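What's in data.csv: CSV, C-alpha atoms
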```
chain,number,residue,atom,x,y,z
A,128,MET,CA,149.9,144.0,-34.4
A,129,THR,CA,148.9,141.0,-36.5
A,130,ARG,CA,150.3,140.2,-39.9
A,131,PRO,CA,148.3,138.4,-42.6
A,132,ASP,CA,150.6,135.4,-42.5
A,133,ASP,CA,150.3,134.7,-38.7
A,134,ASP,CA,149.0,131.3,-37.8
A,135,TRP,CA,146.2,131.4,-35.3
A,136,THR,CA,145.1,127.8,-35.6
A,137,ASP,CA,146.5,126.6,-32.2
A,138,LEU,CA,144.9,129.5,-30.3
A,139,THR,CA,141.6,129.2,-32.2
A,140,GLN,CA,141.5,125.4,-31.5
A,141,ALA,CA,142.3,126.0,-27.8
A,142,TRP,CA,139.6,128.7,-27.6
A,143,THR,CA,136.9,126.6,-29.3
A,144,GLU,CA,137.6,123.2,-27.7
A,145,THR,CA,135.5,122.2,-24.7
A,146,PRO,CA,137.4,120.7,-21.9
A,147,ASP,CA,136.9,116.9,-21.3
A,148,PRO,CA,134.1,116.4,-18.7
A,149,GLU,CA,135.8,113.0,-17.8
A,150,PRO,CA,139.4,112.3,-17.2
A,151,ARG,CA,141.2,110.3,-19.8
A,152,LEU,CA,141.2,106.5,-19.4
A,153,ASP,CA,144.5,104.9,-18.7
A,154,ALA,CA,145.3,102.5,-21.7
A,155,GLY,CA,147.5,100.3,-19.6
A,156,PHE,CA,144.8,99.8,-16.9
A,157,ILE,CA,142.3,99.0,-19.7
A,158,ARG,CA,144.7,96.4,-21.1
A,159,SER,CA,145.2,94.9,-17.7
A,160,LEU,CA,141.4,94.6,-17.2
A,161,ARG,CA,141.0,93.0,-20.6
A,162,ARG,CA,143.9,90.5,-19.8
A,163,ARG,CA,142.3,89.6,-16.5
A,164,ASP,CA,138.9,89.2,-18.1
A,165,ARG,CA,140.4,86.8,-20.7
A,166,LEU,CA,142.3,84.8,-18.1
A,167,ALA,CA,139.2,84.6,-15.9
A,168,ARG,CA,137.1,83.2,-18.8
A,169,LEU,CA,139.8,80.7,-19.7
A,170,ASN,CA,140.2,79.7,-16.1
A,171,PHE,CA,136.4,79.2,-15.7
A,172,TRP,CA,136.3,76.8,-18.7
A,173,ALA,CA,139.4,75.0,-17.5
A,174,GLU,CA,137.8,74.4,-14.1
A,175,MET,CA,134.6,73.2,-15.6
A,176,GLY,CA,136.7,70.8,-17.8
A,177,GLY,CA,138.6,69.8,-14.7
A,178,GLY,CA,135.3,68.7,-13.2
A,179,VAL,CA,134.8,66.3,-16.1
A,180,VAL,CA,138.4,65.0,-15.6
A,181,VAL,CA,137.7,64.3,-11.9
A,182,LEU,CA,134.5,62.5,-12.9
A,183,GLY,CA,136.8,60.3,-15.1
A,184,VAL,CA,139.0,59.7,-12.0
A,185,VAL,CA,136.0,58.6,-10.1
A,186,GLY,CA,135.0,56.3,-12.9
A,187,TRP,CA,138.5,54.8,-13.0
A,188,ALA,CA,138.4,54.3,-9.2
A,189,ALA,CA,135.0,52.7,-9.5
A,190,TYR,CA,136.5,50.3,-12.1
A,191,ARG,CA,139.3,49.5,-9.7
A,192,GLY,CA,136.8,48.5,-7.0
A,193,LEU,CA,135.8,51.7,-5.3
A,194,SER,CA,133.1,51.2,-2.6
A,195,LEU,CA,129.8,52.9,-3.0
A,196,PRO,CA,130.4,55.4,-0.2
A,197,ALA,CA,133.6,56.5,-1.8
A,198,LEU,CA,132.0,56.7,-5.2
A,199,ALA,CA,129.3,59.0,-3.7
A,200,THR,CA,132.0,61.1,-2.0
A,201,GLY,CA,133.6,61.6,-5.5
A,202,VAL,CA,130.4,62.7,-7.0
A,203,VAL,CA,129.7,65.1,-4.1
A,204,PHE,CA,133.2,66.5,-4.5
A,205,VAL,CA,132.8,67.2,-8.2
A,206,LEU,CA,129.4,68.9,-7.6
A,207,PHE,CA,130.9,70.9,-4.7
A,208,ALA,CA,133.8,72.1,-6.9
A,209,LEU,CA,131.7,73.0,-9.8
A,210,GLY,CA,129.2,74.8,-7.6
A,211,LEU,CA,132.0,76.9,-6.0
A,212,THR,CA,133.3,77.7,-9.5
A,213,LEU,CA,129.9,79.0,-10.5
A,214,TRP,CA,129.6,80.9,-7.1
A,215,SER,CA,132.9,82.6,-7.6
A,216,ARG,CA,131.9,83.9,-11.0
A,217,ARG,CA,128.5,85.2,-10.0
A,218,GLY,CA,127.6,88.9,-10.4
A,219,ASP,CA,130.3,89.6,-13.0
A,220,PRO,CA,129.1,92.6,-15.0
A,221,GLY,CA,131.6,92.0,-17.8
A,222,LEU,CA,134.2,94.5,-19.0
A,223,LEU,CA,132.9,98.1,-18.9
A,224,THR,CA,135.2,100.8,-20.3
A,225,GLU,CA,132.9,103.7,-21.3
A,226,THR,CA,133.8,106.0,-18.4
A,227,PRO,CA,136.4,106.1,-15.6
A,228,GLU,CA,133.7,105.2,-13.1
A,229,ALA,CA,132.6,102.2,-15.2
A,230,VAL,CA,136.3,101.1,-15.5
A,231,LEU,CA,136.7,101.3,-11.8
A,232,ARG,CA,133.5,99.4,-11.1
A,233,SER,CA,134.6,96.8,-13.6
A,234,ALA,CA,138.0,96.5,-11.9
A,235,LEU,CA,136.4,96.3,-8.5
A,236,ALA,CA,134.1,93.5,-9.7
A,237,GLN,CA,137.1,91.6,-11.1
A,238,ALA,CA,138.9,91.9,-7.8
A,239,ARG,CA,135.9,90.7,-5.9
A,240,THR,CA,135.5,87.7,-8.3
A,241,GLY,CA,139.2,86.9,-7.9
A,242,TYR,CA,138.8,87.0,-4.2
A,243,ARG,CA,135.8,84.6,-4.3
A,244,TRP,CA,137.7,82.4,-6.7
A,245,ALA,CA,140.7,82.2,-4.3
A,246,LEU,CA,138.4,81.3,-1.3
A,247,SER,CA,136.8,78.7,-3.5
A,248,GLY,CA,140.2,77.3,-4.5
A,249,VAL,CA,141.1,76.9,-0.8
A,250,ALA,CA,137.8,75.1,-0.1
A,251,VAL,CA,138.1,72.9,-3.2
A,252,SER,CA,141.8,72.0,-2.3
A,253,LEU,CA,140.8,71.0,1.2
A,254,ALA,CA,137.9,69.0,-0.2
A,255,ALA,CA,140.3,67.4,-2.8
A,256,MET,CA,142.4,66.2,0.1
A,257,VAL,CA,139.4,64.6,1.8
A,258,PHE,CA,138.3,63.2,-1.5
A,259,SER,CA,141.7,61.6,-2.2
A,260,ILE,CA,141.9,60.0,1.2
A,261,VAL,CA,138.3,58.6,0.9
A,262,ILE,CA,139.1,57.3,-2.6
A,263,LEU,CA,142.3,55.6,-1.4
A,264,ILE,CA,140.7,54.1,1.7
A,265,GLY,CA,137.8,53.0,-0.6
A,266,LEU,CA,140.1,50.9,-2.7
A,267,ARG,CA,140.0,47.3,-1.7
A,268,ALA,CA,143.8,46.8,-1.6
A,269,PRO,CA,145.7,50.1,-1.9
A,270,ASP,CA,149.3,49.7,-3.0
A,271,PRO,CA,152.2,51.5,-1.3
A,272,GLU,CA,152.6,53.5,-4.5
A,273,ASP,CA,149.0,54.7,-4.0
A,274,TRP,CA,150.0,56.1,-0.6
A,275,ARG,CA,153.0,57.9,-2.2
A,276,LEU,CA,150.7,59.3,-4.8
A,277,LEU,CA,148.4,60.6,-2.0
A,278,ILE,CA,151.3,62.2,-0.2
A,279,GLY,CA,152.5,63.9,-3.4
A,280,LEU,CA,148.9,65.1,-4.1
A,281,GLY,CA,148.6,66.4,-0.6
A,282,ALA,CA,151.9,68.4,-0.9
A,283,PHE,CA,150.7,69.8,-4.3
A,284,LEU,CA,147.4,70.8,-2.8
A,285,LEU,CA,149.1,72.6,0.1
A,286,ILE,CA,151.2,74.5,-2.4
A,287,CYS,CA,148.0,75.4,-4.2
A,288,ILE,CA,146.4,76.6,-1.0
A,289,GLY,CA,149.4,78.9,-0.5
A,290,PHE,CA,149.0,80.4,-3.9
A,291,TYR,CA,145.2,80.8,-3.4
A,292,LEU,CA,145.8,82.7,-0.1
A,293,ARG,CA,148.4,84.9,-1.8
A,294,HIS,CA,145.9,85.7,-4.6
A,295,ALA,CA,143.2,86.5,-2.0
A,296,ARG,CA,145.5,89.0,-0.3
A,297,ARG,CA,146.4,90.6,-3.6
A,298,CYS,CA,142.6,90.8,-4.5
A,299,ARG,CA,141.8,92.4,-1.1
A,300,ARG,CA,144.5,95.1,-1.8
A,301,ARG,CA,143.1,95.7,-5.3
A,302,MET,CA,139.5,95.9,-3.9
A,303,ALA,CA,140.6,98.5,-1.4
A,304,ALA,CA,142.5,100.6,-4.0
A,305,HIS,CA,139.6,100.5,-6.5
A,306,GLN,CA,137.1,101.4,-3.8
A,307,ALA,CA,139.3,104.3,-2.7
A,308,ALA,CA,139.6,105.5,-6.3
A,309,LEU,CA,135.8,105.3,-6.7
A,310,GLU,CA,135.3,107.3,-3.5
A,311,ALA,CA,137.8,109.9,-4.7
A,312,LEU,CA,136.1,110.1,-8.0
A,313,HIS,CA,132.7,110.7,-6.3
A,314,ALA,CA,134.2,113.3,-4.0
A,315,GLU,CA,135.6,115.1,-7.0
A,316,ASP,CA,132.2,115.0,-8.7
A,317,ASP,CA,130.6,116.4,-5.5
A,318,ARG,CA,133.0,119.3,-5.6
A,319,ILE,CA,132.1,120.2,-9.2
```
Structure translated into structure tokens:
Amino acid sequence: MTRPDDDWTDLTQAWTETPDPEPRLDAGFIRSLRRRDRLARLNFWAEMGGGVVVLGVVGWAAYRGLSLPALATGVVFVLFALGLTLWSRRGDPGLLTETPEAVLRSALAQARTGYRWALSGVAVSLAAMVFSIVILIGLRAPDPEDWRLLIGLGAFLLICIGFYLRHARRCRRRMAAHQAALEALHAEDDRI
């Protein structure tokens, strides 16, 4: 038996609310996507600025007596690096957070972009090694300190290659996880 002072608000609200058609979006995952998106944009502009710096190095080397073939190699290196930077960022749909499927597609696109970026980084690091050797050989009278600089740069680039390969492995794992989550989401939609 009901009394006039009974509170039925919870039951009424539960009875009249419609269930969510989509699962709730994980706020931590969304923050992670936004952070990766900001870092990718910052990295892109840093790499483009780095291309300008390398052009400055080529100009400096030309001033020190760089041969024409070495100068051409420097320009080709910069164009190669900038081209790979643009290639790695192609097809980025931006950050989509409207539905769980859009979030997963955005995360998958980020992982693919990160994977391409890592492969580009390996290629650019190897090209930088070749570029540095050609620049040094192109100098008319390289100093012993120039050779030490080249060895230090080579060690740095090998470390960079290791980091790029590690990043590529992480991106492959993320791609597989996001693809599996998308397939599970579609399998759940098919059951409904």
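Remark: for Val184 in chain A, the closest of the candidate residues A:Leu198, A:Leu276, A:Leu223, A:Ala295 is A:Leu198 (distances computed over all atoms listed in the file).
Taking all atoms listed in the file, the non-local environment of Gly218 in chain A within 12 Å (same-chain residues fewer than 5 positions away omitted) comprises Leu213, Ser233, Leu235, Ala236, Gln237, Ala238, Arg239, Thr240 and Arg243 of chain A.
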*Computed interatomic separation between CA of Ser247 in chain A and CA of Leu211 in chain A (Å)*: 5.7 Å
*asked:* When you look at range 303-310 of chain A with a cut-off of 12 Å (counting all atoms listed in the file), what residues show up, excluding the ones that are within fewer than 6 positions of it in the same chain? I need them as JSON, numbers by chain.
replied: {"A": [156, 226, 227, 228, 229, 230, 231, 232, 233, 234, 235, 236, 237, 238, 239, 242, 296, 297, 316, 317]}
Print the selection's residues with C-alpha atoms to a file, as a PDB file, keeping the file's coordinate frame.
```
ATOM      1  CA  PHE A 156     144.800  99.800 -16.900  1.00  0.00           C
ATOM      2  CA  THR A 226     133.800 106.000 -18.400  1.00  0.00           C
ATOM      3  CA  PRO A 227     136.400 106.100 -15.600  1.00  0.00           C
ATOM      4  CA  GLU A 228     133.700 105.200 -13.100  1.00  0.00           C
ATOM      5  CA  ALA A 229     132.600 102.200 -15.200  1.00  0.00           C
ATOM      6  CA  VAL A 230     136.300 101.100 -15.500  1.00  0.00           C
ATOM      7  CA  LEU A 231     136.700 101.300 -11.800  1.00  0.00           C
ATOM      8  CA  ARG A 232     133.500  99.400 -11.100  1.00  0.00           C
ATOM      9  CA  SER A 233     134.600  96.800 -13.600  1.00  0.00           C
ATOM     10  CA  ALA A 234     138.000  96.500 -11.900  1.00  0.00           C
ATOM     11  CA  LEU A 235     136.400  96.300  -8.500  1.00  0.00           C
ATOM     12  CA  ALA A 236     134.100  93.500  -9.700  1.00  0.00           C
ATOM     13  CA  GLN A 237     137.100  91.600 -11.100  1.00  0.00           C
ATOM     14  CA  ALA A 238     138.900  91.900  -7.800  1.00  0.00           C
ATOM     15  CA  ARG A 239     135.900  90.700  -5.900  1.00  0.00           C
ATOM     16  CA  TYR A 242     138.800  87.000  -4.200  1.00  0.00           C
ATOM     17  CA  ARG A 296     145.500  89.000  -0.300  1.00  0.00           C
ATOM     18  CA  ARG A 297     146.400  90.600  -3.600  1.00  0.00           C
ATOM     19  CA  ASP A 316     132.200 115.000  -8.700  1.00  0.00           C
ATOM     20  CA  ASP A 317     130.600 116.400  -5.500  1.00  0.00           C
TER      21      ASP A 317
END
```
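Going from CA of Gly192 in chain A to CA of Phe258 in chain A covers 15.8 Å.
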Write out as a PDB file with C-alpha atoms, keeping the file's coordinate frame the residues lying within 10 Å of Thr200 in chain A, counting only C-alpha atoms and excluding same-chain residues fewer than 3 positions away.
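Written file, result-v4.pdb:
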```pdb
ATOM      1  CA  VAL A 185     136.000  58.600 -10.100  1.00  0.00           C
ATOM      2  CA  SER A 194     133.100  51.200  -2.600  1.00  0.00           C
ATOM      3  CA  LEU A 195     129.800  52.900  -3.000  1.00  0.00           C
ATOM      4  CA  PRO A 196     130.400  55.400  -0.200  1.00  0.00           C
ATOM      5  CA  ALA A 197     133.600  56.500  -1.800  1.00  0.00           C
ATOM      6  CA  VAL A 203     129.700  65.100  -4.100  1.00  0.00           C
ATOM      7  CA  PHE A 204     133.200  66.500  -4.500  1.00  0.00           C
ATOM      8  CA  VAL A 205     132.800  67.200  -8.200  1.00  0.00           C
ATOM      9  CA  LEU A 206     129.400  68.900  -7.600  1.00  0.00           C
ATOM     10  CA  VAL A 257     139.400  64.600   1.800  1.00  0.00           C
ATOM     11  CA  PHE A 258     138.300  63.200  -1.500  1.00  0.00           C
ATOM     12  CA  SER A 259     141.700  61.600  -2.200  1.00  0.00           C
ATOM     13  CA  VAL A 261     138.300  58.600   0.900  1.00  0.00           C
ATOM     14  CA  ILE A 262     139.100  57.300  -2.600  1.00  0.00           C
TER      15      ILE A 262
END
```
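Taking all atoms listed in the file into account, Leu166 in chain A lies nearest to A:Gly241 out of the set A:Ala188, A:Leu280, A:Gly241, A:Val180.
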*Would you mind listing what lies within 10 Å of His294 in chain A as a PyMOL selection string, with only C-alpha atoms counted and same-chain residues fewer than 4 positions away left out?*
chain A and resi 238+241-242+244-246+288-290+298-300
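Distances to Thr224 in chain A were evaluated for A:His313, A:Ile157, A:Ala208, A:Val181 using all atoms listed in the file, and the minimum falls at A:Ile157.
Going from CA of Gly201 in chain A over to CA of Val251 in chain A, you cover 12.4 Å.
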*Shell around range 169-176 of chain A at 8 Å using only C-alpha atoms, local window under 4 positions removed, as an NGL selection string*: :A and (165 or 180 or 209 or 212)
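Minimum distance to Leu292 in chain A across A:Leu222, A:Ala154, A:Leu193, A:Ala250 (counting all atoms listed in the file) occurs at A:Ala250.
Proximity ranking of A:Leu277, A:Leu182, A:Leu160, A:Leu285 relative to Ala199 in chain A places A:Leu182 first, based on only C-alpha atoms.
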